[in-house]
$ cat run.csv   # CSV, C-alpha atoms
chain,number,residue,atom,x,y,z
A,1,MET,CA,-6.3,-82.8,-2.3
A,2,ILE,CA,-9.4,-81.8,-0.2
A,3,ILE,CA,-11.0,-84.2,2.2
A,4,SER,CA,-14.3,-83.4,4.0
A,5,ASN,CA,-13.6,-82.3,7.5
A,6,LYS,CA,-16.1,-84.6,9.2
A,7,LEU,CA,-14.0,-85.6,12.2
A,8,LYS,CA,-13.5,-82.4,14.2
A,9,ILE,CA,-12.3,-83.7,17.5
A,10,PHE,CA,-10.3,-86.5,19.1
A,11,ASN,CA,-10.9,-87.7,22.6
A,12,ASP,CA,-7.5,-88.0,24.2
A,13,PRO,CA,-7.0,-89.6,27.7
A,14,ILE,CA,-4.5,-87.0,28.7
A,15,TYR,CA,-6.0,-83.7,27.6
A,16,GLY,CA,-9.6,-84.5,26.8
A,17,PHE,CA,-11.0,-83.2,23.5
A,18,ILE,CA,-8.4,-82.2,20.9
A,19,GLY,CA,-9.8,-80.2,18.0
A,20,ILE,CA,-8.5,-80.1,14.4
A,21,PRO,CA,-7.8,-76.4,13.7
A,22,SER,CA,-7.8,-76.3,9.9
A,23,THR,CA,-8.6,-78.2,6.7
A,24,LEU,CA,-4.9,-78.5,5.9
A,25,ILE,CA,-4.2,-80.2,9.3
A,26,PHE,CA,-7.2,-82.4,8.9
A,27,ASN,CA,-5.9,-83.5,5.5
A,28,ILE,CA,-2.4,-84.2,6.9
A,29,ILE,CA,-3.9,-86.3,9.7
A,30,ALA,CA,-6.0,-88.2,7.2
A,31,HIS,CA,-3.0,-88.9,4.9
A,32,PRO,CA,-1.8,-92.5,4.8
A,33,TYR,CA,1.7,-91.4,5.8
A,34,PHE,CA,0.3,-90.0,9.1
A,35,GLN,CA,-2.2,-92.8,9.7
A,36,ARG,CA,0.8,-95.2,9.7
A,37,LEU,CA,1.8,-93.7,13.0
A,38,ARG,CA,-1.2,-95.6,14.6
A,39,ARG,CA,0.9,-98.7,13.9
A,40,ILE,CA,4.2,-97.4,15.4
A,41,SER,CA,4.7,-98.0,19.1
A,42,GLN,CA,5.7,-94.8,21.0
A,43,THR,CA,8.0,-96.5,23.4
A,44,GLY,CA,9.2,-99.6,21.4
A,45,LEU,CA,9.2,-102.8,23.5
A,46,THR,CA,8.7,-101.0,26.8
A,47,TYR,CA,5.3,-102.8,27.1
A,48,LEU,CA,7.4,-105.9,28.0
A,49,VAL,CA,8.3,-104.0,31.2
A,50,TYR,CA,5.2,-101.8,31.7
A,51,PRO,CA,2.1,-103.6,30.2
A,52,GLY,CA,0.2,-100.4,29.8
A,53,ALA,CA,2.7,-98.8,27.4
A,54,GLN,CA,0.8,-99.7,24.3
A,55,HIS,CA,0.4,-96.1,23.0
A,56,THR,CA,1.4,-94.9,19.6
A,57,ARG,CA,3.3,-92.1,17.8
A,58,PHE,CA,-0.1,-91.1,16.4
A,59,GLN,CA,-1.4,-90.2,19.9
A,60,HIS,CA,1.8,-88.4,20.8
A,61,ALA,CA,1.7,-86.3,17.6
A,62,LEU,CA,-1.8,-85.1,18.3
A,63,GLY,CA,-0.9,-84.4,21.9
A,64,CYS,CA,2.0,-82.2,20.8
A,65,MET,CA,-0.2,-80.3,18.4
A,66,HIS,CA,-2.7,-79.7,21.2
A,67,LEU,CA,0.1,-78.3,23.5
A,68,MET,CA,1.4,-76.1,20.6
A,69,GLU,CA,-2.0,-74.6,20.2
A,70,GLN,CA,-2.0,-73.7,23.9
A,71,ALA,CA,1.5,-72.2,23.6
A,72,VAL,CA,0.5,-70.0,20.7
A,73,GLN,CA,-2.6,-68.7,22.6
A,74,ILE,CA,-0.5,-67.9,25.7
A,75,LEU,CA,2.3,-66.1,23.8
A,76,ARG,CA,-0.3,-64.1,21.8
A,77,PHE,CA,-2.0,-63.1,25.0
A,78,LYS,CA,1.4,-61.8,26.2
A,79,GLY,CA,1.8,-59.7,23.1
A,80,VAL,CA,4.1,-61.9,21.1
A,81,LYS,CA,3.2,-61.6,17.4
A,82,ILE,CA,2.5,-64.9,15.7
A,83,SER,CA,0.8,-64.7,12.3
A,84,LYS,CA,-1.8,-67.2,11.1
A,85,LYS,CA,0.7,-68.6,8.7
A,86,GLU,CA,3.3,-69.0,11.4
A,87,GLU,CA,0.8,-70.7,13.7
A,88,GLU,CA,-0.1,-73.2,11.0
A,89,GLY,CA,3.6,-73.8,10.3
A,90,LEU,CA,4.1,-74.5,14.0
A,91,LEU,CA,1.2,-76.9,14.2
A,92,CYS,CA,2.2,-78.8,11.0
A,93,ALA,CA,5.9,-79.0,12.1
A,94,ILE,CA,5.1,-80.5,15.5
A,95,LEU,CA,2.4,-82.8,14.1
A,96,LEU,CA,5.0,-84.2,11.6
A,97,HIS,CA,8.1,-84.1,13.7
A,98,ASP,CA,8.1,-87.9,14.3
A,99,ILE,CA,6.6,-89.1,11.0
A,100,GLY,CA,10.0,-90.6,10.0
A,101,HIS,CA,10.0,-93.1,12.8
A,102,GLY,CA,10.3,-96.7,11.7
A,103,PRO,CA,8.9,-99.8,13.5
A,104,PHE,CA,9.1,-99.7,17.3
A,105,SER,CA,10.3,-96.1,17.2
A,106,HIS,CA,13.8,-95.6,18.6
A,107,ALA,CA,14.3,-99.3,19.1
A,108,MET,CA,15.0,-99.9,15.4
A,109,GLU,CA,16.5,-96.5,14.5
A,110,HIS,CA,19.6,-97.1,12.3
A,111,THR,CA,18.5,-100.8,11.9
A,112,ILE,CA,15.9,-100.8,9.1
A,113,VAL,CA,17.7,-97.9,7.3
A,114,GLU,CA,21.3,-97.9,8.4
A,115,GLY,CA,23.0,-94.7,9.5
A,116,VAL,CA,19.9,-92.5,9.0
A,117,ASP,CA,18.0,-91.0,12.0
A,118,HIS,CA,14.3,-90.5,12.1
A,119,GLU,CA,14.6,-86.7,11.9
A,120,ALA,CA,16.2,-87.0,8.4
A,121,ILE,CA,13.4,-89.3,7.3
A,122,SER,CA,10.8,-87.0,8.8
A,123,LEU,CA,12.1,-84.1,6.7
A,124,VAL,CA,11.9,-86.3,3.5
A,125,PHE,CA,8.3,-87.1,4.3
A,126,MET,CA,7.5,-83.4,4.9
A,127,GLN,CA,9.1,-82.4,1.6
A,128,GLN,CA,7.0,-85.1,-0.2
A,129,LEU,CA,3.8,-83.9,1.5
A,130,ASN,CA,4.7,-80.3,0.7
A,131,LYS,CA,4.6,-81.3,-3.0
A,132,GLU,CA,1.1,-82.9,-2.5
A,133,PHE,CA,-0.1,-79.8,-0.6
A,134,ASP,CA,1.2,-77.2,-3.1
A,135,GLY,CA,3.9,-75.7,-0.9
A,136,LYS,CA,1.7,-75.2,2.1
A,137,LEU,CA,4.3,-76.8,4.4
A,138,ASP,CA,7.1,-74.3,3.5
A,139,THR,CA,6.9,-72.6,6.9
A,140,ALA,CA,6.6,-75.9,8.8
A,141,ILE,CA,9.7,-77.2,7.0
A,142,ALA,CA,11.7,-74.0,7.8
A,143,ILE,CA,10.7,-74.3,11.5
A,144,PHE,CA,11.5,-78.1,11.5
A,145,LYS,CA,15.0,-77.4,10.1
A,146,LYS,CA,15.5,-74.6,12.7
A,147,GLU,CA,15.9,-72.1,9.8
A,148,HIS,CA,12.9,-69.8,10.6
A,149,PRO,CA,14.1,-66.2,11.3
A,150,LYS,CA,11.9,-66.1,14.5
A,151,LYS,CA,14.1,-68.4,16.7
A,152,PHE,CA,11.4,-69.0,19.3
A,153,LEU,CA,9.2,-70.7,16.7
A,154,ASN,CA,12.0,-73.2,16.1
A,155,ASP,CA,12.5,-73.7,19.8
A,156,LEU,CA,8.8,-74.5,20.4
A,157,VAL,CA,9.3,-77.5,18.1
A,158,SER,CA,12.8,-78.6,19.1
A,159,SER,CA,14.7,-77.4,22.2
A,160,GLN,CA,15.2,-78.6,25.8
A,161,LEU,CA,11.7,-77.3,26.7
A,162,ASP,CA,9.7,-78.0,23.6
A,163,MET,CA,6.2,-79.3,23.1
A,164,ASP,CA,7.5,-82.7,22.0
A,165,ARG,CA,9.2,-83.3,25.4
A,166,LEU,CA,6.2,-81.9,27.4
A,167,ASP,CA,3.9,-84.4,25.7
A,168,TYR,CA,6.0,-87.5,25.8
A,169,LEU,CA,6.9,-87.2,29.4
A,170,LYS,CA,3.3,-86.7,30.5
A,171,ARG,CA,2.0,-89.3,28.1
A,172,ASP,CA,4.6,-92.0,28.7
A,173,SER,CA,4.2,-91.4,32.5
A,174,PHE,CA,0.5,-92.0,32.1
A,175,TYR,CA,0.7,-95.2,30.1
A,176,THR,CA,3.6,-96.8,32.0
A,177,GLY,CA,2.2,-95.8,35.4
A,178,VAL,CA,5.5,-94.3,36.4
A,179,ALA,CA,4.2,-91.3,38.4
A,180,GLU,CA,7.6,-89.6,38.7
A,181,GLY,CA,7.4,-88.6,35.1
A,182,ASN,CA,4.1,-86.7,35.4
A,183,ILE,CA,4.7,-83.0,34.7
A,184,ASN,CA,2.4,-80.0,34.7
A,185,ALA,CA,2.7,-79.2,31.0
A,186,GLU,CA,-0.1,-76.6,31.2
A,187,ARG,CA,1.6,-74.7,34.0
A,188,LEU,CA,4.9,-74.7,32.0
A,189,ILE,CA,3.3,-73.4,28.9
A,190,THR,CA,1.5,-70.7,30.8
A,191,MET,CA,4.9,-69.5,32.1
A,192,LEU,CA,6.5,-69.2,28.5
A,193,ASN,CA,7.4,-65.9,27.0
A,194,VAL,CA,9.6,-64.4,24.3
A,195,VAL,CA,12.4,-61.9,24.9
A,196,ASP,CA,14.6,-60.6,22.1
A,197,GLY,CA,13.4,-63.5,19.9
A,198,ASP,CA,14.3,-66.2,22.4
A,199,LEU,CA,11.9,-68.5,24.2
A,200,VAL,CA,12.1,-68.0,27.9
A,201,VAL,CA,10.4,-69.2,31.1
A,202,GLU,CA,9.1,-66.5,33.6
A,203,GLU,CA,10.8,-66.8,37.0
A,204,LYS,CA,7.6,-67.8,38.8
A,205,GLY,CA,7.6,-71.0,36.6
A,206,ILE,CA,11.1,-72.1,37.9
A,207,TYR,CA,9.7,-74.8,40.2
A,208,SER,CA,7.8,-76.3,37.2
A,209,VAL,CA,11.0,-76.4,35.2
A,210,GLU,CA,12.8,-78.1,38.1
A,211,LYS,CA,10.1,-80.7,38.2
A,212,PHE,CA,10.3,-81.1,34.4
A,213,LEU,CA,14.1,-81.7,34.4
A,214,MET,CA,13.9,-84.1,37.3
A,215,ALA,CA,11.0,-86.0,35.7
A,216,ARG,CA,12.9,-86.3,32.5
A,217,ARG,CA,15.9,-87.8,34.4
A,218,PHE,CA,13.7,-90.3,36.3
A,219,MET,CA,11.9,-91.3,33.1
A,220,TYR,CA,15.1,-92.1,31.3
A,221,TRP,CA,16.4,-94.5,34.0
A,222,GLN,CA,13.0,-95.9,34.9
A,223,VAL,CA,11.5,-96.2,31.4
A,224,TYR,CA,13.5,-95.3,28.4
A,225,LEU,CA,16.7,-96.9,29.6
A,226,HIS,CA,15.2,-99.6,31.8
A,227,LYS,CA,17.4,-102.6,31.7
A,228,THR,CA,14.7,-105.1,30.7
A,229,GLY,CA,13.5,-102.7,27.9
A,230,LEU,CA,17.2,-102.3,26.9
A,231,VAL,CA,17.8,-106.0,26.5
A,232,ALA,CA,14.5,-106.5,24.6
A,233,GLU,CA,15.5,-103.8,22.1
A,234,GLN,CA,19.0,-105.2,21.7
A,235,LEU,CA,17.4,-108.6,20.9
A,236,LEU,CA,15.1,-107.0,18.3
A,237,ILE,CA,18.1,-105.3,16.6
A,238,LYS,CA,20.1,-108.5,16.6
A,239,THR,CA,17.1,-110.5,15.2
A,240,LEU,CA,16.9,-108.2,12.2
A,241,LYS,CA,20.7,-108.3,11.8
A,242,ARG,CA,20.7,-112.1,11.7
A,243,ALA,CA,17.8,-112.0,9.2
A,244,LYS,CA,19.9,-109.7,6.9
A,245,GLU,CA,22.9,-112.1,7.2
A,246,LEU,CA,20.8,-115.1,6.3
A,247,ILE,CA,19.1,-113.4,3.3
A,248,HIS,CA,22.4,-112.1,2.0
A,249,SER,CA,23.8,-115.6,2.2
A,250,GLY,CA,21.0,-116.9,-0.1
A,251,ASN,CA,18.4,-118.0,2.4
A,252,ASN,CA,14.8,-117.3,1.8
A,253,LEU,CA,13.0,-115.9,4.9
A,254,PRO,CA,9.3,-115.5,5.1
A,255,CYS,CA,8.3,-111.8,5.7
A,256,SER,CA,6.2,-109.1,4.1
A,257,SER,CA,7.4,-107.8,0.7
A,258,ILE,CA,7.9,-104.3,2.3
A,259,LEU,CA,10.2,-105.7,5.0
A,260,SER,CA,12.0,-107.9,2.5
A,261,PHE,CA,12.8,-104.8,0.4
A,262,PHE,CA,14.5,-103.1,3.3
A,263,ILE,CA,16.3,-106.3,4.5
A,264,LYS,CA,17.7,-107.1,1.0
A,265,ASN,CA,18.7,-103.5,0.0
A,266,LYS,CA,21.0,-101.2,1.9
A,267,ILE,CA,19.1,-98.0,1.8
A,268,THR,CA,20.8,-94.7,2.6
A,269,LEU,CA,19.3,-91.2,2.8
A,270,LYS,CA,20.2,-90.4,-0.8
A,271,ASP,CA,18.1,-93.4,-1.9
A,272,PHE,CA,14.9,-91.9,-0.5
A,273,ASN,CA,13.2,-91.2,-3.8
A,274,ALA,CA,9.4,-91.2,-4.2
A,275,ASP,CA,9.3,-95.0,-4.5
A,276,VAL,CA,11.4,-95.7,-1.4
A,277,ILE,CA,9.3,-93.1,0.6
A,278,GLU,CA,6.2,-94.9,-0.4
A,279,LYS,CA,7.6,-98.3,0.6
A,280,PHE,CA,8.8,-96.9,4.0
A,281,SER,CA,5.4,-95.4,4.6
A,282,GLU,CA,4.0,-99.0,4.5
A,283,LEU,CA,6.4,-100.4,7.1
A,284,ASP,CA,5.3,-100.6,10.7
A,285,ASP,CA,5.4,-102.8,13.9
A,286,ILE,CA,3.1,-105.4,12.3
A,287,ASP,CA,5.6,-106.3,9.6
A,288,ILE,CA,8.3,-106.9,12.2
A,289,MET,CA,6.2,-109.0,14.6
A,290,ALA,CA,4.6,-111.0,11.8
A,291,ALA,CA,8.1,-111.9,10.6
A,292,ILE,CA,9.4,-112.8,14.0
A,293,LYS,CA,6.4,-115.1,14.5
A,294,GLU,CA,7.5,-116.9,11.3
A,295,TRP,CA,11.2,-116.8,12.1
A,296,GLN,CA,10.7,-118.6,15.5
A,297,HIS,CA,10.3,-121.8,13.6
A,298,ASN,CA,13.3,-121.3,11.3
A,299,SER,CA,16.0,-123.9,11.1
A,300,ASP,CA,18.7,-121.4,12.0
A,301,PHE,CA,19.3,-121.7,15.7
A,302,VAL,CA,20.3,-118.0,16.2
A,303,LEU,CA,17.3,-116.5,14.3
A,304,ALA,CA,14.7,-118.9,15.9
A,305,THR,CA,16.0,-118.5,19.4
A,306,LEU,CA,16.2,-114.7,19.2
A,307,SER,CA,12.6,-114.6,17.8
A,308,ARG,CA,11.2,-116.8,20.6
A,309,MET,CA,13.0,-114.8,23.2
A,310,ILE,CA,11.1,-111.6,22.1
A,311,LEU,CA,7.7,-113.3,21.5
A,312,HIS,CA,7.7,-115.2,24.8
A,313,ARG,CA,9.4,-112.5,26.8
A,314,ASP,CA,12.1,-115.1,27.7
A,315,LEU,CA,14.9,-112.5,27.6
A,316,LEU,CA,18.6,-112.6,28.3
A,317,HIS,CA,19.8,-111.9,31.8
A,318,ILE,CA,21.2,-108.3,32.0
A,319,LYS,CA,23.6,-107.0,34.6
A,320,MET,CA,23.9,-103.2,34.8
A,321,LYS,CA,26.5,-101.3,36.8
A,322,LYS,CA,28.2,-97.9,37.2
A,323,LYS,CA,31.6,-99.4,36.4
A,324,PRO,CA,32.6,-101.6,33.4
A,325,ILE,CA,31.6,-105.2,33.9
A,326,SER,CA,34.4,-107.7,34.2
A,327,ALA,CA,35.5,-108.9,30.8
A,328,ILE,CA,36.5,-112.2,32.4
A,329,LYS,CA,32.9,-112.8,33.6
A,330,VAL,CA,31.5,-111.9,30.1
A,331,LYS,CA,34.0,-114.3,28.4
A,332,LYS,CA,33.1,-117.1,30.8
A,333,GLU,CA,29.4,-116.8,29.9
A,334,PHE,CA,30.4,-116.5,26.2
A,335,ASN,CA,32.3,-119.8,26.3
A,336,LEU,CA,29.7,-121.6,28.3
A,337,PHE,CA,26.9,-120.8,25.8
A,338,LYS,CA,29.2,-121.4,22.8
A,339,GLU,CA,30.1,-124.9,24.0
A,340,LYS,CA,26.6,-125.8,25.1
A,341,HIS,CA,25.1,-125.1,21.7
A,342,ASN,CA,28.1,-125.8,19.5
A,343,LEU,CA,28.2,-122.3,18.0
A,344,THR,CA,30.8,-120.2,16.3
A,345,ASP,CA,32.1,-117.0,17.9
A,346,GLU,CA,30.0,-114.9,15.5
A,347,GLU,CA,26.8,-116.8,16.5
A,348,THR,CA,27.5,-116.7,20.2
A,349,ALA,CA,28.0,-112.9,20.0
A,350,TYR,CA,24.2,-112.6,19.4
A,351,PHE,CA,23.5,-113.9,22.9
A,352,VAL,CA,26.5,-112.7,25.0
A,353,PHE,CA,27.5,-109.1,24.7
A,354,SER,CA,28.2,-105.9,26.6
A,355,GLY,CA,27.9,-102.2,26.1
A,356,GLU,CA,27.2,-98.9,27.8
A,357,ILE,CA,24.4,-96.3,27.9
A,358,LYS,CA,24.6,-92.6,28.6
A,359,ASN,CA,22.1,-90.0,29.7
A,360,THR,CA,22.3,-86.2,30.4
A,361,ALA,CA,19.4,-84.5,32.0
A,362,TYR,CA,20.2,-81.0,30.9
A,363,ILE,CA,22.7,-79.9,28.2
A,364,GLN,CA,23.5,-76.4,29.4
A,365,HIS,CA,26.1,-75.4,26.8
A,366,ILE,CA,24.0,-76.4,23.7
A,367,GLN,CA,20.5,-75.1,24.2
A,368,PRO,CA,20.1,-73.6,27.7
A,369,ILE,CA,16.6,-73.1,29.2
A,370,LYS,CA,16.5,-69.3,29.8
A,371,VAL,CA,14.7,-67.8,32.8
A,372,LEU,CA,13.2,-64.3,32.7
A,373,LYS,CA,13.8,-62.8,36.2
A,374,GLU,CA,11.4,-60.3,37.7
A,375,ASN,CA,14.0,-57.5,37.2
A,376,GLY,CA,14.0,-58.2,33.4
A,377,LYS,CA,17.3,-60.0,33.3
A,378,ILE,CA,17.8,-63.4,31.6
A,379,THR,CA,19.7,-66.2,33.3
A,380,ASP,CA,20.2,-69.9,32.9
A,381,VAL,CA,17.8,-72.2,34.8
A,382,SER,CA,20.5,-73.8,36.8
A,383,LYS,CA,21.6,-70.4,38.1
A,384,ALA,CA,18.1,-69.2,38.8
A,385,SER,CA,17.1,-72.3,40.7
A,386,ASP,CA,18.1,-73.0,44.3
A,387,GLN,CA,17.3,-76.7,43.9
A,388,LEU,CA,19.2,-77.6,40.7
A,389,ASN,CA,22.9,-78.1,40.6
A,390,SER,CA,24.2,-77.3,37.1
A,391,LYS,CA,27.1,-79.7,37.4
A,392,THR,CA,24.9,-82.6,38.6
A,393,LEU,CA,22.2,-82.0,35.9
A,394,SER,CA,24.7,-81.4,33.1
A,395,LYS,CA,26.8,-84.4,34.0
A,396,THR,CA,26.6,-87.3,31.6
A,397,VAL,CA,25.7,-90.5,33.6
A,398,THR,CA,27.2,-93.6,32.1
A,399,LYS,CA,26.1,-97.1,33.0
A,400,TYR,CA,27.6,-100.4,31.7
A,401,TYR,CA,25.7,-103.6,31.0
A,402,ALA,CA,26.4,-107.2,30.0
A,403,CYS,CA,23.8,-109.5,28.6
A,404,TYR,CA,23.9,-113.3,28.6
A,405,PRO,CA,21.5,-116.3,28.7
A,406,LYS,CA,19.9,-117.2,32.0
A,407,THR,CA,21.3,-120.4,33.6
A,408,GLU,CA,18.8,-123.2,33.5
$ encode --input "run.csv" --output "structure tokens"
Amino acid sequence: MIISNKLKIFNDPIYGFIGIPSTLIFNIIAHPYFQRLRRISQTGLTYLVYPGAQHTRFQHALGCMHLMEQAVQILRFKGVKISKKEEEGLLCAILLHDIGHGPFSHAMEHTIVEGVDHEAISLVFMQQLNKEFDGKLDTAIAIFKKEHPKKFLNDLVSSQLDMDRLDYLKRDSFYTGVAEGNINAERLITMLNVVDGDLVVEEKGIYSVEKFLMARRFMYWQVYLHKTGLVAEQLLIKTLKRAKELIHSGNNLPCSSILSFFIKNKITLKDFNADVIEKFSELDDIDIMAAIKEWQHNSDFVLATLSRMILHRDLLHIKMKKKPISAIKVKKEFNLFKEKHNLTDEETAYFVFSGEIKNTAYIQHIQPIKVLKENGKITDVSKASDQLNSKTLSKTVTKYYACYPKTE
């Protein structure tokens, strides 16, 4: 499969011109599997909070590839040996790391395909593409699976300081307008090095790492776990759940044939044969929104109301606190809505519910960010920094929420 390499550059609003380094990478980008990412929102329904957040997984993947090219150049300049084959493996791995995302990215993970995360589906896509490209993705797959003998290659694609995080923080900050998330990705990459096979940050880059970790923490609470975005995503998940219930009860719901396939069939990872991969590769945000536009007129009160809430941004009220929200308060709202609309308990639970969310800025014990000190010693970033408190950063912050309809 060879496609003419006519398009040699992309003009990216974050980094400027991004070049395509090889015919293989051009062919991957041109493949329908990858082009689908143009129709997958990077930040789910976050645009209901920040109107500018309309960017896609396609843009993010290209940005990650661009940063990876910079990282390879810097490490080679510092004497780290990276072969042409390893470089291409890195670029392909980071380009394809999110190819398994379903509609609205994380918002619908485990909803379209139950119990399967996007990384597992990404691997299935990569293995399928590897067949089409005659084994040229072997190195990329080894890196993606964190099985490459050069550990730092794996870490460049997936770690607490990888090219994925560097791009999404900078990109999501740009498109949402949340300035606290803007990091100096180029500075961080310039400070990277490799010692004894491990990816490290040179000590003079410590302030950039501090900014990166704090930016990530701010972005989670201000963007990724924003309470309005959270309730919108919960409504989206519940809309699809209701659609599945109705279809399995014998109701016919208008939607695309592709979406219908995934609603009617319980697909697990072992079901991902060539036919299912092909079907999943056609599923995107458009299928979901087109269905919701139809479902807003459905005779089922639950499905129609949930659909209208999303379409018209007439969302549920959400209360978020550091302590669990009173069950008595939730029960009161539950009974009020149930009686008002003459619903069953199961139907009411779509509109009145509670839960919790967690976030940890830095997981020190799993994959520490290592700092190379000027005396040659390696230490953890939380020990090298005079600003970061390892207990504070490593602490899991839990917040509790309750959602219920607004009072008229």
$ closest_residue --input "run.csv" --among "A:Gly229, A:Asp12, A:Tyr207, A:Asp196" --to "A:Asn184" --atoms "all atoms listed in the file"
A:Tyr207
$ residues_around --input "run.csv" --residues "A:Val276" --least-positions-apart "5" --cutoff "12 Å" --atoms "all atoms listed in the file" --output "number ranges by chain"
A: 113, 121, 124-125, 128, 258-259, 261-262, 265-271, 281-283
$ closest_residue --input "run.csv" --among "A:Pro324, A:Gly44, A:Gly79, A:Pro103" --to "A:Glu233" --atoms "only C-alpha atoms"
A:Gly44
$ atom_distance --input "run.csv" --atom1 "atom CA of A:Ile206" --atom2 "atom CA of A:Ile189"
12.0 Å
$ residues_around --input "run.csv" --residues "A:Leu253" --least-positions-apart "3" --cutoff "8 Å" --atoms "only C-alpha atoms" --output "JSON list (two decimals) with C-alpha atoms, in the frame of the given file"
[["chain", "number", "residue", "atom", "x", "y", "z"],
["A", 243, "ALA", "CA", 17.80, -112.00, 9.20],
["A", 246, "LEU", "CA", 20.80, -115.10, 6.30],
["A", 247, "ILE", "CA", 19.10, -113.40, 3.30],
["A", 295, "TRP", "CA", 11.20, -116.80, 12.10]]
